[in-house]
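Novice: One file is attached below, structure38.txt, containing compact mmCIF, C-alpha atoms and all ligand atoms.
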# COMPACT_ATOMS: atom_id res chain seq x y z
CA MET A 1 67.15 87.59 113.77
CA LYS A 2 66.24 84.55 111.67
CA ARG A 3 67.35 81.36 113.40
CA THR A 4 68.86 79.65 110.34
CA GLY A 5 72.11 80.01 108.43
CA ALA A 6 75.60 78.49 108.51
CA LEU A 7 77.12 78.31 111.98
CA TRP A 8 80.88 78.30 112.55
CA ARG A 9 81.76 77.30 116.13
CA HIS A 10 84.75 77.04 118.45
CA ALA A 11 87.04 79.48 116.66
CA ARG A 12 89.77 81.66 118.04
CA LEU A 13 88.35 84.89 116.65
CA ALA A 14 90.40 87.98 115.79
CA THR A 15 87.38 90.16 115.05
CA MET A 16 89.55 93.33 114.68
CA GLN A 17 86.76 95.23 116.44
CA PRO A 18 88.13 98.29 118.27
CA GLY A 19 88.57 98.39 122.03
CA THR A 20 90.51 95.20 122.76
CA PRO A 21 93.72 93.82 121.23
CA TRP A 22 92.84 92.05 117.98
CA GLY A 23 89.12 92.27 118.98
CA TRP A 24 89.93 88.88 120.52
CA LEU A 25 87.39 86.16 121.36
CA ASP A 26 88.90 82.96 122.72
CA ASP A 27 86.09 80.52 121.90
CA GLY A 28 83.95 82.34 119.39
CA ALA A 29 81.18 81.60 116.93
CA LEU A 30 79.91 83.17 113.70
CA LEU A 31 76.47 82.82 112.16
CA VAL A 32 76.33 83.50 108.40
CA GLN A 33 73.04 84.37 106.69
CA GLY A 34 73.23 85.05 102.97
CA ASP A 35 76.31 87.18 102.32
CA ARG A 36 76.29 88.72 105.82
CA LEU A 37 77.35 87.89 109.36
CA ALA A 38 74.17 87.65 111.43
CA TRP A 39 75.75 86.96 114.81
CA VAL A 40 79.33 87.07 116.21
CA GLY A 41 80.21 86.36 119.83
CA PRO A 42 81.40 83.89 122.46
CA ASP A 43 80.34 80.34 121.64
CA ALA A 44 78.87 80.00 125.15
CA LYS A 45 76.45 82.84 124.41
CA LEU A 46 75.03 81.50 121.15
CA PRO A 47 71.25 82.02 121.02
CA ARG A 48 69.74 78.75 122.27
CA ASP A 49 67.03 78.42 119.64
CA LEU A 50 69.33 78.42 116.56
CA ARG A 51 68.45 75.85 113.89
CA PRO A 52 71.43 76.23 111.53
CA ASP A 53 71.31 74.66 108.08
CA ALA A 54 75.00 73.75 108.42
CA GLU A 55 77.38 73.63 111.36
CA HIS A 56 81.20 73.67 111.24
CA ASP A 57 83.32 72.90 114.32
CA LEU A 58 86.60 74.80 113.89
CA GLN A 59 88.23 73.07 116.88
CA GLY A 60 90.08 76.18 118.00
CA ALA A 61 91.38 77.29 114.59
CA LEU A 62 92.12 80.98 114.14
CA VAL A 63 89.59 83.04 112.16
CA THR A 64 90.25 86.57 110.89
CA PRO A 65 88.34 88.87 108.56
CA GLY A 66 89.09 88.15 104.90
CA LEU A 67 92.25 90.04 103.96
CA ILE A 68 92.03 93.15 101.79
CA ASP A 69 94.80 94.13 99.37
CA ALA A 70 93.91 97.77 98.72
CA HIS A 71 96.72 98.66 96.28
CA THR A 72 97.67 96.48 93.32
CA HIS A 73 98.60 96.94 89.66
CA LEU A 74 97.49 93.42 88.77
CA VAL A 75 96.68 93.87 85.07
CA TYR A 76 99.70 94.09 82.78
CA GLY A 77 101.61 92.29 80.06
CA GLY A 78 105.17 91.01 80.25
CA GLU A 79 107.58 91.18 83.15
CA ARG A 80 110.67 93.22 84.11
CA ALA A 81 113.26 90.66 85.27
CA ALA A 82 115.90 92.20 82.96
CA GLU A 83 115.28 95.57 84.62
CA PHE A 84 115.80 93.87 87.99
CA GLU A 85 119.20 92.67 86.76
CA LEU A 86 120.07 96.20 85.58
CA ARG A 87 119.16 97.61 88.98
CA LEU A 88 121.32 94.97 90.67
CA GLN A 89 124.21 96.20 88.52
CA GLY A 90 123.65 99.73 89.83
CA ALA A 91 121.12 101.34 87.46
CA GLY A 92 118.54 103.45 89.32
CA TYR A 93 114.75 102.94 89.11
CA GLU A 94 114.26 106.59 88.12
CA ALA A 95 117.09 106.54 85.56
CA ILE A 96 115.63 103.43 83.89
CA ALA A 97 112.22 105.13 83.74
CA ARG A 98 113.67 108.32 82.23
CA ALA A 99 115.40 106.22 79.55
CA GLY A 100 112.03 104.85 78.43
CA GLY A 101 112.20 101.57 80.37
CA GLY A 102 110.33 101.05 83.61
CA ILE A 103 106.57 101.68 83.43
CA LEU A 104 106.71 102.47 79.68
CA SER A 105 108.21 99.07 78.88
CA THR A 106 105.24 97.46 80.62
CA VAL A 107 102.90 99.77 78.67
CA ALA A 108 104.31 98.38 75.40
CA ALA A 109 103.84 94.78 76.60
CA THR A 110 100.34 95.52 77.87
CA ARG A 111 99.21 97.14 74.63
CA ALA A 112 100.57 94.12 72.71
CA ALA A 113 98.66 91.60 74.87
CA THR A 114 95.14 90.42 74.03
CA ASP A 115 92.28 90.94 76.48
CA GLN A 116 92.30 87.22 77.20
CA GLN A 117 96.05 87.17 77.86
CA LEU A 118 95.68 90.11 80.24
CA PHE A 119 92.77 88.39 81.98
CA ASP A 120 94.51 85.02 82.30
CA SER A 121 97.72 86.46 83.75
CA ALA A 122 95.84 88.76 86.15
CA ALA A 123 93.52 85.92 87.24
CA ALA A 124 96.51 83.70 88.05
CA ARG A 125 97.93 86.49 90.19
CA ALA A 126 94.57 87.12 91.86
CA ARG A 127 94.33 83.39 92.72
CA ALA A 128 97.73 83.55 94.43
CA PHE A 129 96.43 86.35 96.67
CA MET A 130 93.11 84.55 97.23
CA ALA A 131 94.95 81.44 98.41
CA GLU A 132 96.26 83.52 101.31
CA GLY A 133 92.82 84.61 102.46
CA VAL A 134 92.33 87.72 100.32
CA THR A 135 88.64 88.43 99.72
CA THR A 136 88.85 92.02 98.43
CA LEU A 137 91.39 93.29 95.92
CA GLU A 138 91.91 96.74 94.45
CA VAL A 139 93.21 96.72 90.87
CA LYS A 140 94.59 99.79 89.10
CA SER A 141 94.93 100.49 85.42
CA GLY A 142 97.96 102.55 84.44
CA TYR A 143 99.77 100.38 81.91
CA GLY A 144 97.47 101.26 79.00
CA LEU A 145 97.90 105.05 78.91
CA SER A 146 95.49 105.56 76.00
CA GLN A 147 91.71 105.65 76.06
CA VAL A 148 91.36 102.24 74.43
CA HIS A 149 94.05 100.49 76.44
CA GLU A 150 93.14 102.05 79.80
CA SER A 151 89.52 101.00 79.29
CA ARG A 152 90.64 97.52 78.26
CA CYS A 153 92.68 97.12 81.46
CA LEU A 154 89.80 98.38 83.61
CA ALA A 155 87.43 95.98 81.85
CA VAL A 156 89.81 93.10 82.60
CA ALA A 157 89.82 94.14 86.27
CA ARG A 158 85.99 94.23 86.31
CA ARG A 159 85.89 90.80 84.73
CA LEU A 160 88.12 89.44 87.50
CA GLY A 161 85.49 90.52 90.02
CA ARG A 162 82.72 88.87 87.98
CA GLU A 163 84.46 85.57 87.36
CA LEU A 164 86.44 84.98 90.57
CA PRO A 165 84.97 84.62 94.07
CA LEU A 166 86.23 87.93 95.45
CA THR A 167 85.38 91.64 95.41
CA VAL A 168 87.44 93.70 92.96
CA ARG A 169 87.57 97.50 93.15
CA CYS A 170 88.74 99.19 89.94
CA THR A 171 90.90 102.31 90.04
CA SER A 172 91.80 104.45 87.04
CA LEU A 173 95.53 105.31 87.10
CA ALA A 174 95.83 106.88 83.64
CA ALA A 175 98.08 109.51 85.29
CA HIS A 176 100.76 106.90 85.97
CA ALA A 177 103.38 107.90 83.37
CA LEU A 178 103.57 109.99 80.22
CA PRO A 179 103.13 107.79 77.12
CA ALA A 180 105.65 108.30 74.30
CA GLU A 181 103.04 109.78 71.95
CA TYR A 182 102.61 112.70 74.38
CA ALA A 183 106.37 113.24 74.99
CA GLY A 184 106.95 116.87 75.99
CA ARG A 185 103.18 117.48 76.29
CA PRO A 186 102.21 116.27 79.76
CA ASP A 187 99.40 118.83 80.10
CA ASP A 188 97.81 117.65 76.86
CA TYR A 189 97.99 114.08 78.17
CA ILE A 190 96.31 115.10 81.43
CA ASP A 191 93.56 116.84 79.40
CA ALA A 192 93.04 113.59 77.49
CA ALA A 193 93.08 111.41 80.62
CA CYS A 194 90.51 113.73 82.27
CA SER A 195 88.26 113.42 79.20
CA TRP A 196 88.27 109.57 79.35
CA LEU A 197 86.86 109.38 82.87
CA ALA A 198 83.19 110.12 82.15
CA GLY A 199 82.95 107.35 79.55
CA GLN A 200 84.76 104.86 81.78
CA GLN A 201 82.46 105.72 84.64
CA ALA A 202 79.36 105.43 82.44
CA ALA A 203 80.59 101.97 81.38
CA GLY A 204 80.85 100.98 85.04
CA LEU A 205 84.59 100.52 84.87
CA VAL A 206 85.87 102.78 87.61
CA ASP A 207 85.38 103.09 91.37
CA ALA A 208 88.18 105.58 92.17
CA VAL A 209 90.93 107.66 90.55
CA ASP A 210 94.65 107.55 91.38
CA ALA A 211 97.72 109.39 90.08
CA PHE A 212 101.52 109.19 90.42
CA CYS A 213 102.70 112.54 91.74
CA ASP A 214 106.50 112.48 91.57
CA THR A 215 109.49 113.60 89.51
CA ILE A 216 108.98 110.71 87.05
CA GLY A 217 105.19 111.02 87.29
CA PHE A 218 103.05 114.14 87.26
CA THR A 219 103.26 117.51 89.02
CA PRO A 220 100.94 118.56 91.85
CA ALA A 221 99.17 120.94 89.42
CA GLN A 222 98.54 118.10 86.93
CA THR A 223 97.44 115.81 89.78
CA ASP A 224 95.06 118.53 90.94
CA ARG A 225 93.45 118.63 87.49
CA ILE A 226 92.86 114.88 87.33
CA PHE A 227 91.42 114.98 90.85
CA ARG A 228 89.02 117.79 89.89
CA ALA A 229 87.83 115.78 86.91
CA ALA A 230 87.28 112.77 89.18
CA GLN A 231 85.39 114.74 91.77
CA ALA A 232 83.19 116.40 89.15
CA LEU A 233 81.98 112.83 88.47
CA GLY A 234 81.66 112.00 92.17
CA LEU A 235 84.60 109.58 92.08
CA PRO A 236 86.84 109.32 95.17
CA VAL A 237 90.57 109.90 94.76
CA LYS A 238 93.80 108.45 96.14
CA LEU A 239 97.45 109.15 95.34
CA HIS A 240 100.88 107.59 94.84
CA ALA A 241 102.48 110.28 96.98
CA GLU A 242 105.92 111.02 98.35
CA GLN A 243 107.43 107.75 97.10
CA LEU A 244 110.70 109.04 95.60
CA SER A 245 110.56 112.73 96.64
CA ASP A 246 108.38 115.16 98.60
CA GLN A 247 106.12 116.94 96.12
CA GLY A 248 103.51 117.94 98.69
CA GLY A 249 101.24 115.38 97.07
CA ALA A 250 99.80 114.04 100.32
CA ALA A 251 98.59 117.48 101.42
CA LEU A 252 97.10 118.06 97.97
CA ALA A 253 95.32 114.70 98.04
CA ALA A 254 94.08 115.38 101.57
CA ARG A 255 92.56 118.67 100.39
CA HIS A 256 90.56 116.57 97.93
CA GLY A 257 89.44 114.27 100.77
CA ALA A 258 91.52 111.39 99.39
CA LEU A 259 90.70 107.89 100.61
CA SER A 260 94.41 107.08 100.91
CA CYS A 261 97.90 108.35 100.20
CA ASP A 262 100.23 105.53 99.26
CA HIS A 263 104.01 104.86 99.66
CA LEU A 264 104.85 108.00 101.77
CA GLU A 265 108.56 107.39 102.44
CA HIS A 266 109.17 111.16 101.92
CA LEU A 267 106.01 112.35 103.72
CA SER A 268 106.46 115.66 105.61
CA ALA A 269 104.91 116.88 108.86
CA VAL A 270 102.67 119.15 106.77
CA GLY A 271 101.43 116.14 104.82
CA ILE A 272 100.73 114.18 108.00
CA ALA A 273 98.76 117.08 109.50
CA ALA A 274 96.67 117.40 106.34
CA MET A 275 95.96 113.65 106.26
CA ARG A 276 94.91 113.71 109.90
CA VAL A 277 92.38 116.48 109.24
CA SER A 278 90.91 114.76 106.17
CA GLY A 279 90.89 111.26 107.71
CA THR A 280 93.00 109.96 104.81
CA VAL A 281 94.54 106.51 105.28
CA ALA A 282 98.34 106.14 105.07
CA MET A 283 98.90 103.15 102.78
CA LEU A 284 102.38 101.76 103.38
CA LEU A 285 103.93 99.45 100.79
CA PRO A 286 106.86 97.59 102.33
CA GLY A 287 107.36 95.33 99.31
CA ALA A 288 108.21 98.25 97.00
CA TYR A 289 110.46 99.74 99.72
CA TYR A 290 112.28 96.41 99.92
CA PHE A 291 112.52 95.65 96.20
CA LEU A 292 113.78 99.16 95.30
CA ARG A 293 116.23 98.91 98.22
CA GLU A 294 114.97 102.20 99.64
CA THR A 295 116.58 103.43 102.82
CA ARG A 296 114.27 106.24 103.85
CA LEU A 297 111.51 104.87 106.08
CA PRO A 298 107.96 106.20 106.07
CA PRO A 299 107.36 108.31 109.23
CA LEU A 300 105.55 105.58 111.13
CA GLN A 301 105.80 107.03 114.62
CA ALA A 302 104.59 110.47 113.51
CA LEU A 303 101.63 108.84 111.71
CA ARG A 304 100.79 106.89 114.87
CA GLU A 305 101.03 109.99 117.05
CA ALA A 306 98.78 111.92 114.66
CA GLY A 307 96.23 109.09 114.76
CA VAL A 308 96.34 108.59 110.98
CA PRO A 309 94.98 105.11 110.15
CA ILE A 310 97.70 102.94 108.61
CA ALA A 311 97.07 100.29 105.96
CA ILE A 312 99.42 97.82 104.28
CA ALA A 313 99.19 96.54 100.71
CA SER A 314 101.21 94.51 98.23
CA ASP A 315 101.54 97.17 95.48
CA HIS A 316 101.90 94.15 93.20
CA ASN A 317 103.36 95.36 89.89
CA PRO A 318 106.12 94.18 87.53
CA GLY A 319 108.59 96.98 88.34
CA SER A 320 108.75 97.86 92.01
CA CYS A 321 107.10 94.82 93.65
CA PRO A 322 106.43 91.58 91.75
CA ALA A 323 105.46 89.79 95.01
CA LEU A 324 102.22 87.79 95.07
CA SER A 325 101.88 87.46 98.84
CA LEU A 326 100.03 89.78 101.21
CA LEU A 327 101.22 87.72 104.20
CA LEU A 328 104.81 88.51 103.20
CA MET A 329 103.86 92.20 103.37
CA LEU A 330 102.71 91.71 106.98
CA ASN A 331 106.13 90.34 107.84
CA MET A 332 107.91 93.12 105.97
CA ALA A 333 105.76 95.80 107.61
CA CYS A 334 106.96 94.49 110.97
CA THR A 335 110.61 93.78 110.16
CA LEU A 336 111.28 96.78 107.89
CA PHE A 337 108.87 99.43 109.25
CA ARG A 338 108.70 98.22 112.88
CA MET A 339 104.93 97.95 112.86
CA THR A 340 103.43 95.61 115.42
CA PRO A 341 101.83 92.39 114.14
CA GLU A 342 98.46 93.74 115.27
CA GLU A 343 98.99 97.03 113.40
CA ALA A 344 99.97 95.03 110.32
CA LEU A 345 96.82 92.87 110.48
CA ARG A 346 94.65 95.96 111.05
CA GLY A 347 96.44 97.34 107.99
CA VAL A 348 95.10 94.57 105.74
CA THR A 349 91.65 94.38 107.31
CA VAL A 350 89.86 97.29 108.97
CA ASN A 351 92.16 100.07 107.73
CA ALA A 352 92.40 98.62 104.23
CA ALA A 353 88.59 98.59 104.11
CA ARG A 354 88.59 102.24 105.05
CA ALA A 355 91.15 102.98 102.33
CA LEU A 356 88.71 101.55 99.80
CA GLY A 357 85.69 103.34 101.26
CA LEU A 358 84.12 99.96 102.13
CA PRO A 359 82.82 100.14 105.71
CA ASP A 360 80.95 96.83 105.33
CA ARG A 361 84.08 94.67 105.77
CA GLY A 362 87.47 94.35 107.45
CA ARG A 363 86.03 93.33 110.84
CA LEU A 364 83.92 90.44 112.08
CA ALA A 365 80.67 91.95 113.36
CA PRO A 366 76.94 91.53 112.74
CA ARG A 367 75.63 93.01 109.47
CA LEU A 368 79.09 93.16 107.87
CA ARG A 369 79.96 91.00 104.89
CA ALA A 370 80.63 87.36 105.70
CA ASP A 371 84.23 87.48 104.44
CA PHE A 372 86.60 85.50 106.64
CA ALA A 373 89.62 83.20 106.57
CA VAL A 374 90.37 80.13 108.70
CA TRP A 375 94.04 79.63 109.53
CA ASP A 376 96.25 76.82 110.76
CA ALA A 377 97.51 79.07 113.57
CA GLU A 378 96.73 79.65 117.22
CA HIS A 379 97.32 83.36 117.39
CA PRO A 380 97.06 86.11 114.74
CA ARG A 381 100.60 87.32 115.44
CA GLU A 382 101.73 84.15 113.63
CA LEU A 383 100.42 85.58 110.34
CA ALA A 384 103.10 88.30 110.47
CA TYR A 385 105.76 86.05 112.00
CA ARG A 386 106.09 83.28 109.43
CA PHE A 387 107.01 84.06 105.85
CA GLY A 388 107.25 81.91 102.77
CA HIS A 389 104.47 79.80 104.30
CA ASN A 390 100.73 79.80 103.76
CA PRO A 391 98.65 78.67 106.77
CA CYS A 392 95.30 79.61 105.15
CA ARG A 393 92.96 76.59 105.25
CA ARG A 394 89.50 77.86 104.30
CA VAL A 395 88.01 81.09 102.98
CA VAL A 396 84.41 82.27 103.10
CA CYS A 397 83.68 85.17 100.74
CA GLY A 398 80.24 86.80 100.74
CA GLY A 399 78.94 83.86 102.80
CA VAL A 400 80.15 81.27 100.28
CA LEU A 401 82.85 78.74 101.20
CA ARG A 402 85.41 78.77 98.42
CA ALA A 403 85.97 75.43 96.75
CA SER A 404 89.64 75.68 97.68
CA ALA A 405 91.41 78.45 99.48
O1 LIG A 501 103.44 101.81 92.94
N1 LIG A 501 105.13 104.33 91.61
C1 LIG A 501 104.48 104.09 90.64
N2 LIG A 501 103.90 102.94 90.31
C2 LIG A 501 104.25 101.64 90.78
C3 LIG A 501 105.38 101.05 90.06
C4 LIG A 501 105.10 100.89 88.65
C5 LIG A 501 106.16 100.18 87.87
O2 LIG A 501 107.37 100.30 88.14
O3 LIG A 501 105.73 99.51 86.92
C6 LIG A 501 104.43 101.61 92.29
O4 LIG A 501 105.54 101.41 92.81
FE FE A 502 101.52 101.40 93.22
Would you put the structure from the file into structure tokens?
Specialist:
Amino acid sequence: MKRTGALWRHARLATMQPGTPWGWLDDGALLVQGDRLAWVGPDAKLPRDLRPDAEHDLQGALVTPGLIDAHTHLVYGGERAAEFELRLQGAGYEAIARAGGGILSTVAATRAATDQQLFDSAAARARAFMAEGVTTLEVKSGYGLSQVHESRCLAVARRLGRELPLTVRCTSLAAHALPAEYAGRPDDYIDAACSWLAGQQAAGLVDAVDAFCDTIGFTPAQTDRIFRAAQALGLPVKLHAEQLSDQGGAALAARHGALSCDHLEHLSAVGIAAMRVSGTVAMLLPGAYYFLRETRLPPLQALREAGVPIAIASDHNPGSCPALSLLLMLNMACTLFRMTPEEALRGVTVNAARALGLPDRGRLAPRLRADFAVWDAEHPRELAYRFGHNPCRRVVCGGVLRASA
């Protein structure tokens, strides 16, 4: 090990390493070299001959891995506050979608927005997440629904990763809803969406492929076709599965080795067994559950007993979850789903990293990316306990201290 770098001392470290609760270290230290962690351990055991270029005394502040929001729809035009009012008056989310509102109303607003407008609004949202310690963000397309507009949205997502100090993973979600120009011809639309993938991949715009398998989305057979097209290009898949009904989507996605299945309120025992075998992450989205006033809980205990890794994400989008806070999702995962605060934090660190296929982050350990957040808190359970409050004080992303958290 080189003996230089930036040294962070006297932290309460929640490393999220397996084996002990929170991977806890009471008086810990981190050595950062380049964009990596070079050394992590008890402060008292720091190598004696270190000559750090910079030294920070954290005076007992809590440090966690940088948070990972592994499911967002951050790029879109417009908003859906009027739809929120309609739902409060009794209109259903599915009924609004079937009447041409819902996702399709956001598609119209997205197509009407310029690239710069899409970028500026998405960047403002990304900054809100970053202020709460987020260092990795997944961003889906799915409000373009044509070759040009899907590619535009993916390009905006890529640009976020280039221009903001965070990692952005781009997911194609062309199979989100059926655009009006393909009304009555969902299979033709799926053919088209499959044909766009190679070009988007060649342009470096896509890291994974998602679909919405549900009564107002696409059938398992259509989902299967988009997944085959993805896998022919070597792209990993994930699925909006079992959100509003049980379509057997999770088992289908698991057969394709999906990184994650997301939502899962209607997940069956068959789906859980398939996810266990494939090692697919269960991505729970308490914000959408809350905002749609769902009553059917995802099968948390059965997922635990099967040993399926559980992640938490914001699902930020204008229709089912306009929240801009991942910390709020930790609180909701505990209050609504009865997850423990430690499960919730694992859900936005180590298990979220797994859901993105990024084993180089989500924990604090040597050789992993130097992505971490410093909090005004004594214990990590406080991150799930408070809500409507941001205790994030500093963020290091890829070894670089952000100008402001
Ligand atoms: O994850 N379920 C499908 N997609 C989004 C909602 C999209 C929207 O309503 O605009 C979700 O909840
Ligand atoms: Fe979603």
Novice: Could I get the residue neighbourhood of ligand LIG 501 (chain A) at 10 Å, counting all atoms listed in the file, as a ChimeraX atom specification?
Specialist: /A:71-73,76,79-80,83,93-94,96-97,101-107,140,142-143,173,175-177,211-214,216-217,239-244,262-263,285,287-289,291-292,314-322
Novice: Take CA of Arg9 in chain A and CA of Leu46 in chain A and report the distance between them in Å, one decimal.
Specialist: 9.4 Å
Novice: Which residues of range 50-124 of chain A come within 12 Å of range 391-398 of chain A, and for each one, what is the closest pair of atoms and their distance in Å to one decimal, counting only C-alpha atoms, sorted by chain and residue number, as JSON lines?
Specialist:
{"residue": "A:His56", "atom": "CA", "partner": "A:Arg394", "partner_atom": "CA", "distance": 11.6}
{"residue": "A:Leu58", "atom": "CA", "partner": "A:Arg394", "partner_atom": "CA", "distance": 10.5}
{"residue": "A:Ala61", "atom": "CA", "partner": "A:Arg393", "partner_atom": "CA", "distance": 9.5}
{"residue": "A:Leu62", "atom": "CA", "partner": "A:Cys392", "partner_atom": "CA", "distance": 9.6}
{"residue": "A:Val63", "atom": "CA", "partner": "A:Arg394", "partner_atom": "CA", "distance": 9.4}
{"residue": "A:Thr64", "atom": "CA", "partner": "A:Val395", "partner_atom": "CA", "distance": 9.9}
{"residue": "A:Pro65", "atom": "CA", "partner": "A:Val396", "partner_atom": "CA", "distance": 9.4}
{"residue": "A:Gly66", "atom": "CA", "partner": "A:Val395", "partner_atom": "CA", "distance": 7.4}
{"residue": "A:Leu67", "atom": "CA", "partner": "A:Val395", "partner_atom": "CA", "distance": 10.0}
{"residue": "A:Ile68", "atom": "CA", "partner": "A:Cys397", "partner_atom": "CA", "distance": 11.6}
Novice: Would you work out the distance separating CA of Tyr182 in chain A from CA of Leu154 in chain A, expressed in Å to one decimal?
Specialist: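 About the pair CA of Tyr182 in chain A and CA of Leu154 in chain A: they are 21.3 Å apart.
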Novice: I'd like to know which of A:Ala208, A:Leu364, A:Ala174, A:Val400 is closest to Val237 in chain A, using all atoms listed in the file.
Specialist: A:Ala208
Novice: Pick from A:Arg111, A:Arg152, A:Arg225, A:Arg98: nearest to Ala183 in chain A, with only C-alpha atoms counted?
Specialist: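 Under the stated criterion, the closest residue is A:Arg98.
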Novice: Tell me, in Å to one decimal, how far CA of Ala353 in chain A is from CA of Gln17 in chain A.
Specialist: 12.9 Å
Novice: Leaving out range 296-309 of chain A and any residue of its chain fewer than 4 positions from it, which residues lie within 12 Å of it when counting all atoms listed in the file, given as a ChimeraX atom specification?
Specialist: /A:241-246,254,259-286,288-290,292,333-340,343-344,346-355
Novice: Rank A:Gly92, A:Gly204, A:Gly5, A:Gly19 by their smallest atom-to-atom distance to Leu37 in chain A, using only C-alpha atoms, and report the top residue only.
Specialist: A:Gly5
Novice: Excluding Gln147 in chain A and any residue of its chain fewer than 4 positions from it, enumerate the residues within 8 Å of it, using only C-alpha atoms, and give them as number ranges by chain.
Specialist: A: 151, 193, 196
Novice: Would you mind listing, for every residue of range 222-295 of chain A within 12 Å of range 185-192 of chain A, the two atoms forming the shortest contact and the distance between them in Å to one decimal, using all atoms listed in the file, sorted by chain and ascending residue number, as JSON lines?
Specialist:
{"residue": "A:Gln222", "atom": "CA", "partner": "A:Ile190", "partner_atom": "CA", "distance": 6.7}
{"residue": "A:Thr223", "atom": "CA", "partner": "A:Ile190", "partner_atom": "CA", "distance": 8.5}
{"residue": "A:Asp224", "atom": "CA", "partner": "A:Ile190", "partner_atom": "CA", "distance": 10.2}
{"residue": "A:Arg225", "atom": "CA", "partner": "A:Ile190", "partner_atom": "CA", "distance": 7.6}
{"residue": "A:Ile226", "atom": "CA", "partner": "A:Ile190", "partner_atom": "CA", "distance": 6.8}
{"residue": "A:Phe227", "atom": "CA", "partner": "A:Ile190", "partner_atom": "CA", "distance": 10.6}
{"residue": "A:Arg228", "atom": "CA", "partner": "A:Asp191", "partner_atom": "CA", "distance": 11.5}
{"residue": "A:Ala229", "atom": "CA", "partner": "A:Asp191", "partner_atom": "CA", "distance": 9.5}
Novice: Which one is closest to Val40 in chain A: A:Pro236, A:Pro341, A:Pro366, A:Gly60? Count all atoms listed in the file.
Specialist: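 With all atoms listed in the file as the atom set, the closest residue is A:Pro366.
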Novice: Name the closest residue to ligand FE 502 (chain A) among the candidates A:Ala313, A:Leu383, A:Ala14, A:Leu327; distances are taken between atoms, counting all atoms listed in the file.
Specialist: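 Using all atoms listed in the file, the shortest distance to ligand FE 502 (chain A) belongs to A:Ala313.
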Novice: Between A:Leu160, A:Ala70, A:Ala112, A:Ala99, which is the closest to ligand FE 502 (chain A) once you count only C-alpha atoms and all ligand atoms?
Specialist: A:Ala70
Novice: Skipping near chain neighbours, those fewer than 4 positions away, what residues fall within 12 Å of Ala44 in chain A using only C-alpha atoms, listed as a PyMOL selection string?
Specialist: chain A and resi 9-11+25-30+40+48
Novice: Keeping C-alpha atoms, export the residues of the selection given above as a PDB file, keeping the file's coordinate frame.
Specialist:
ATOM      1  CA  ARG A   9      81.760  77.300 116.130  1.00  0.00           C
ATOM      2  CA  HIS A  10      84.750  77.040 118.450  1.00  0.00           C
ATOM      3  CA  ALA A  11      87.040  79.480 116.660  1.00  0.00           C
ATOM      4  CA  LEU A  25      87.390  86.160 121.360  1.00  0.00           C
ATOM      5  CA  ASP A  26      88.900  82.960 122.720  1.00  0.00           C
ATOM      6  CA  ASP A  27      86.090  80.520 121.900  1.00  0.00           C
ATOM      7  CA  GLY A  28      83.950  82.340 119.390  1.00  0.00           C
ATOM      8  CA  ALA A  29      81.180  81.600 116.930  1.00  0.00           C
ATOM      9  CA  LEU A  30      79.910  83.170 113.700  1.00  0.00           C
ATOM     10  CA  VAL A  40      79.330  87.070 116.210  1.00  0.00           C
ATOM     11  CA  ARG A  48      69.740  78.750 122.270  1.00  0.00           C
TER      12      ARG A  48
END
Novice: Report as an MDAnalysis selection string all protein, DNA and RNA residues lying within 10 Å of Ala123 in chain A, evaluated on all atoms listed in the file, omitting residues in the same chain fewer than 4 positions from it.
Specialist: chainID A and resid 74:75 117:119 127:129 156:157 159:161 163:164
Novice: Any idea what's packed within 12 Å of Ala38 in chain A, counting all atoms listed in the file, ignoring anything in its chain fewer than 2 positions away? Could you give it as a PyMOL selection string?
Specialist: chain A and resi 1-8+29-36+40-41+46-47+50+52+364-370+399
